[in-house]
file my_file-v2.cif (mmCIF, C-alpha atoms and all ligand atoms)
data_start
#
loop_
_atom_site.label_atom_id
_atom_site.label_comp_id
_atom_site.auth_asym_id
_atom_site.auth_seq_id
_atom_site.Cartn_x
_atom_site.Cartn_y
_atom_site.Cartn_z
CA MET L 713 -31.11 168.28 -144.10
CA TRP L 714 -28.76 168.74 -141.14
CA ILE L 715 -29.41 166.47 -138.19
CA PRO L 716 -27.51 165.45 -135.04
CA ILE L 717 -25.73 162.13 -135.44
CA VAL L 718 -24.05 160.21 -132.65
CA ASP L 719 -20.96 158.14 -133.31
CA LEU L 720 -21.83 155.27 -131.01
CA ARG L 721 -18.26 153.99 -131.11
CA LEU L 722 -17.11 157.21 -129.41
CA CYS L 723 -20.05 158.08 -127.16
CA LYS L 724 -19.28 157.48 -123.49
CA GLY L 725 -22.84 158.07 -122.28
CA CYS L 726 -21.95 161.04 -120.08
CA GLY L 727 -25.42 162.53 -120.69
CA GLU L 728 -24.29 166.13 -121.33
CA CYS L 729 -26.21 166.20 -124.61
CA ALA L 730 -29.40 164.82 -123.04
CA GLN L 731 -29.24 167.45 -120.29
CA VAL L 732 -29.20 170.40 -122.67
CA CYS L 733 -31.68 169.15 -125.27
CA PRO L 734 -34.67 171.51 -125.12
CA ASP L 735 -36.95 168.91 -126.66
CA ASN L 736 -36.00 165.97 -124.45
CA ALA L 737 -35.13 164.11 -127.61
CA ILE L 738 -32.08 162.33 -126.22
CA GLU L 739 -32.02 159.34 -123.94
CA ILE L 740 -28.99 157.53 -122.59
CA VAL L 741 -29.44 153.82 -123.12
CA ASP L 742 -26.70 151.37 -122.13
CA LYS L 743 -24.27 154.31 -121.86
CA LYS L 744 -25.03 155.48 -125.38
CA SER L 745 -26.83 158.61 -126.53
CA ILE L 746 -29.94 157.72 -128.50
CA ILE L 747 -31.73 160.50 -130.39
CA ASP L 748 -35.47 160.37 -131.02
CA TYR L 749 -35.74 162.06 -134.40
CA ASN L 750 -39.51 162.39 -134.00
CA GLU L 751 -38.85 164.84 -131.16
CA CYS L 752 -35.62 166.49 -132.32
CA THR L 753 -36.02 169.95 -133.84
CA CYS L 754 -32.41 170.04 -135.07
CA CYS L 755 -31.53 173.06 -132.93
CA GLY L 756 -27.87 172.01 -132.75
CA VAL L 757 -27.36 172.59 -129.03
CA CYS L 758 -26.26 169.02 -128.32
CA ASP L 759 -23.48 169.33 -130.88
CA ARG L 760 -21.97 172.19 -128.86
CA VAL L 761 -21.69 170.35 -125.57
CA CYS L 762 -20.35 166.90 -126.37
CA PRO L 763 -16.89 166.98 -124.78
CA ILE L 764 -15.42 164.41 -127.14
CA GLY L 765 -17.07 165.25 -130.46
CA ALA L 766 -19.13 162.07 -130.53
CA LEU L 767 -22.24 163.99 -131.51
CA GLU L 768 -22.17 166.27 -134.52
CA ILE L 769 -24.68 167.99 -136.73
CA LYS L 770 -24.28 166.43 -140.15
CA ASN L 771 -25.97 166.23 -143.48
CA PRO L 772 -26.27 162.52 -144.17
CA THR L 773 -27.00 163.14 -147.86
CA MET L 774 -23.69 164.92 -148.36
CA PRO L 775 -20.69 162.82 -149.44
CA PRO L 776 -18.20 162.50 -146.54
CA ILE L 777 -15.41 164.02 -148.62
CA LEU L 778 -17.35 167.35 -148.79
CA GLU L 779 -18.49 167.17 -145.20
CA LYS L 780 -14.93 167.25 -143.92
CA GLY L 781 -14.32 170.60 -145.59
CA VAL L 782 -12.03 169.34 -148.31
CA GLN L 783 -10.96 172.20 -150.58
CA LEU L 784 -12.67 172.26 -153.94
CA GLU L 785 -9.33 172.34 -155.76
CA THR L 786 -8.21 169.21 -153.92
CA LEU L 787 -11.46 167.56 -154.90
CA LYS L 788 -11.02 168.53 -158.56
CA ASP L 789 -7.49 167.11 -158.53
CA GLU L 790 -8.78 163.89 -157.02
CA VAL L 791 -11.51 163.59 -159.68
CA LYS L 792 -8.89 164.22 -162.40
CA ARG L 793 -6.65 161.55 -160.94
CA LEU L 794 -9.51 159.03 -160.80
CA LYS L 795 -10.56 159.79 -164.40
CA GLN L 796 -6.99 159.24 -165.53
CA LYS L 797 -6.84 155.96 -163.66
CA LEU L 798 -10.12 154.89 -165.26
CA ARG L 799 -8.76 155.69 -168.74
CA GLU L 800 -5.65 153.62 -168.03
CA MET L 801 -7.73 150.72 -166.77
CA ARG L 802 -9.89 150.81 -169.89
CA LYS L 803 -6.79 150.64 -172.10
CA THR L 804 -5.66 147.44 -170.42
CA MET L 805 -9.09 145.82 -170.40
CA PRO L 806 -9.71 143.11 -173.01
CA LEU L 807 -12.35 144.07 -175.61
S1 LIG L 901 -30.41 168.99 -132.18
FE1 LIG L 901 -31.49 170.06 -130.47
S2 LIG L 901 -33.47 169.05 -130.38
FE2 LIG L 901 -32.16 167.71 -131.58
S3 LIG L 901 -31.31 166.25 -130.13
FE3 LIG L 901 -29.84 167.95 -130.29
S4 LIG L 901 -30.39 169.38 -128.65
FE4 LIG L 901 -32.12 167.99 -128.95
S1 LIG L 902 -22.33 164.36 -124.75
FE1 LIG L 902 -21.25 163.09 -126.26
S2 LIG L 902 -20.27 161.46 -125.09
FE2 LIG L 902 -21.80 162.42 -123.75
S3 LIG L 902 -23.63 161.13 -124.05
FE3 LIG L 902 -23.79 162.83 -125.48
S4 LIG L 902 -22.88 162.04 -127.39
FE4 LIG L 902 -22.26 160.69 -125.75
#

call {"tool": "encode", "arguments": {"input": "my_file-v2.cif", "output": "structure tokens"}}
result
Amino acid sequence: MWIPIVDLRLCKGCGECAQVCPDNAIEIVDKKSIIDYNECTCCGVCDRVCPIGALEIKNPTMPPILEKGVQLETLKDEVKRLKQKLREMRKTMPL
């Protein structure tokens, strides 16, 4: 499921997202955007207005490596490399 997620380290509390939310699901608390997921309908509008990319629609169940749009071939190469490393580690492990 895709939901809006705020990176609280980046959020400056400007309130742009809260202003456009049609469901009044965002409150600014201590200069941070706090989303009430009971009210949010995941429309995605807030994601469009954050001027610094602190709020993005994400799928929290998806591994970060896929979320960032990594090419499938790159991913396959990485899996191959890790499998090879695992094989090498097993060879050196005492029985
Ligand atoms: S996704 Fe839509 S409903 Fe949810 S917090 Fe953002 S603007 Fe509001
Ligand atoms: S628009 Fe971005 S920086 Fe401004 S309050 Fe919302 S999440 Fe924070």

call {"tool": "residues_near_ligand", "arguments": {"input": "my_file-v2.cif", "ligand": "ligand LIG 902 (chain L)", "cutoff": "12 Å", "atoms": "only C-alpha atoms and all ligand atoms", "output": "ChimeraX atom specification"}}
result
/L:716-733,737-747,757-769

call {"tool": "axis_aligned_box", "arguments": {"input": "my_file-v2.cif", "around": "ligand LIG 901 (chain L)", "padding_each_side": "4 Å", "output": "JSON"}}
result
{"center_x": -31.7, "center_y": 168.2, "center_z": -130.4, "size_x": 11.6, "size_y": 11.8, "size_z": 11.5}

call {"tool": "atom_distance", "arguments": {"input": "my_file-v2.cif", "atom1": "CA of Arg793 (chain L)", "atom2": "CA of Met774 (chain L)"}}
result
21.4 Å

call {"tool": "closest_residue", "arguments": {"input": "my_file-v2.cif", "among": "L:Thr773, L:Trp714, L:Tyr749, L:Cys755", "to": "ligand LIG 901 (chain L)", "atoms": "all atoms listed in the file"}}
result
L:Cys755

call {"tool": "atom_distance", "arguments": {"input": "my_file-v2.cif", "atom1": "CA of Lys803 (chain L)", "atom2": "CA of Val791 (chain L)"}}
result
18.6 Å

call {"tool": "closest_residue", "arguments": {"input": "my_file-v2.cif", "among": "L:Pro734, L:Met713, L:Met805, L:Glu800", "to": "ligand LIG 901 (chain L)", "atoms": "all atoms listed in the file"}}
result
L:Pro734

call {"tool": "build_atoms", "arguments": {"input": "my_file-v2.cif", "residues": "region 715-745 of chain L", "atoms": "N, CA and C atoms", "output": "CSV table (one decimal), in the coordinates of the input"}}
result
chain,number,residue,atom,x,y,z
L,715,ILE,N,-28.9,167.1,-139.4
L,715,ILE,CA,-29.4,166.5,-138.2
L,715,ILE,C,-28.3,166.1,-137.3
L,716,PRO,N,-28.6,165.9,-136.0
L,716,PRO,CA,-27.5,165.4,-135.0
L,716,PRO,C,-27.3,163.9,-135.2
L,717,ILE,N,-26.0,163.6,-135.3
L,717,ILE,CA,-25.7,162.1,-135.4
L,717,ILE,C,-24.7,161.8,-134.4
L,718,VAL,N,-25.0,160.7,-133.7
L,718,VAL,CA,-24.0,160.2,-132.6
L,718,VAL,C,-23.2,159.1,-133.2
L,719,ASP,N,-21.9,159.2,-133.0
L,719,ASP,CA,-21.0,158.1,-133.3
L,719,ASP,C,-20.9,157.2,-132.1
L,720,LEU,N,-21.7,156.1,-132.2
L,720,LEU,CA,-21.8,155.3,-131.0
L,720,LEU,C,-20.5,154.6,-130.6
L,721,ARG,N,-19.6,154.6,-131.5
L,721,ARG,CA,-18.3,154.0,-131.1
L,721,ARG,C,-17.5,154.9,-130.1
L,722,LEU,N,-17.8,156.2,-130.3
L,722,LEU,CA,-17.1,157.2,-129.4
L,722,LEU,C,-17.9,157.6,-128.1
L,723,CYS,N,-19.2,157.6,-128.3
L,723,CYS,CA,-20.0,158.1,-127.2
L,723,CYS,C,-19.8,157.3,-125.9
L,724,LYS,N,-19.6,158.1,-124.8
L,724,LYS,CA,-19.3,157.5,-123.5
L,724,LYS,C,-20.5,157.5,-122.6
L,725,GLY,N,-21.6,158.1,-123.1
L,725,GLY,CA,-22.8,158.1,-122.3
L,725,GLY,C,-22.8,159.0,-121.1
L,726,CYS,N,-22.1,160.1,-121.2
L,726,CYS,CA,-22.0,161.0,-120.1
L,726,CYS,C,-23.3,161.8,-119.8
L,727,GLY,N,-24.1,161.9,-120.9
L,727,GLY,CA,-25.4,162.5,-120.7
L,727,GLY,C,-25.5,164.0,-120.9
L,728,GLU,N,-24.3,164.7,-121.2
L,728,GLU,CA,-24.3,166.1,-121.3
L,728,GLU,C,-25.3,166.6,-122.4
L,729,CYS,N,-25.3,165.8,-123.5
L,729,CYS,CA,-26.2,166.2,-124.6
L,729,CYS,C,-27.7,166.1,-124.2
L,730,ALA,N,-28.0,165.0,-123.5
L,730,ALA,CA,-29.4,164.8,-123.0
L,730,ALA,C,-29.8,165.9,-122.1
L,731,GLN,N,-28.9,166.4,-121.3
L,731,GLN,CA,-29.2,167.4,-120.3
L,731,GLN,C,-29.6,168.8,-120.9
L,732,VAL,N,-29.0,169.1,-122.1
L,732,VAL,CA,-29.2,170.4,-122.7
L,732,VAL,C,-30.3,170.4,-123.7
L,733,CYS,N,-30.7,169.2,-124.2
L,733,CYS,CA,-31.7,169.2,-125.3
L,733,CYS,C,-33.0,169.8,-124.8
L,734,PRO,N,-33.4,170.8,-125.5
L,734,PRO,CA,-34.7,171.5,-125.1
L,734,PRO,C,-35.9,170.7,-125.4
L,735,ASP,N,-35.8,169.7,-126.3
L,735,ASP,CA,-37.0,168.9,-126.7
L,735,ASP,C,-37.0,167.5,-126.0
L,736,ASN,N,-36.1,167.3,-125.1
L,736,ASN,CA,-36.0,166.0,-124.4
L,736,ASN,C,-36.0,164.9,-125.5
L,737,ALA,N,-35.2,165.1,-126.5
L,737,ALA,CA,-35.1,164.1,-127.6
L,737,ALA,C,-34.0,163.1,-127.5
L,738,ILE,N,-33.2,163.3,-126.4
L,738,ILE,CA,-32.1,162.3,-126.2
L,738,ILE,C,-32.2,161.5,-124.9
L,739,GLU,N,-32.0,160.2,-125.1
L,739,GLU,CA,-32.0,159.3,-123.9
L,739,GLU,C,-30.7,158.6,-123.9
L,740,ILE,N,-30.2,158.3,-122.7
L,740,ILE,CA,-29.0,157.5,-122.6
L,740,ILE,C,-29.4,156.1,-122.3
L,741,VAL,N,-29.1,155.2,-123.2
L,741,VAL,CA,-29.4,153.8,-123.1
L,741,VAL,C,-28.1,153.0,-123.2
L,742,ASP,N,-27.9,152.2,-122.2
L,742,ASP,CA,-26.7,151.4,-122.1
L,742,ASP,C,-25.5,152.2,-122.4
L,743,LYS,N,-25.4,153.4,-121.8
L,743,LYS,CA,-24.3,154.3,-121.9
L,743,LYS,C,-24.0,154.8,-123.3
L,744,LYS,N,-25.1,154.9,-124.0
L,744,LYS,CA,-25.0,155.5,-125.4
L,744,LYS,C,-26.2,156.5,-125.6
L,745,SER,N,-25.8,157.6,-126.3
L,745,SER,CA,-26.8,158.6,-126.5
L,745,SER,C,-27.7,158.2,-127.7
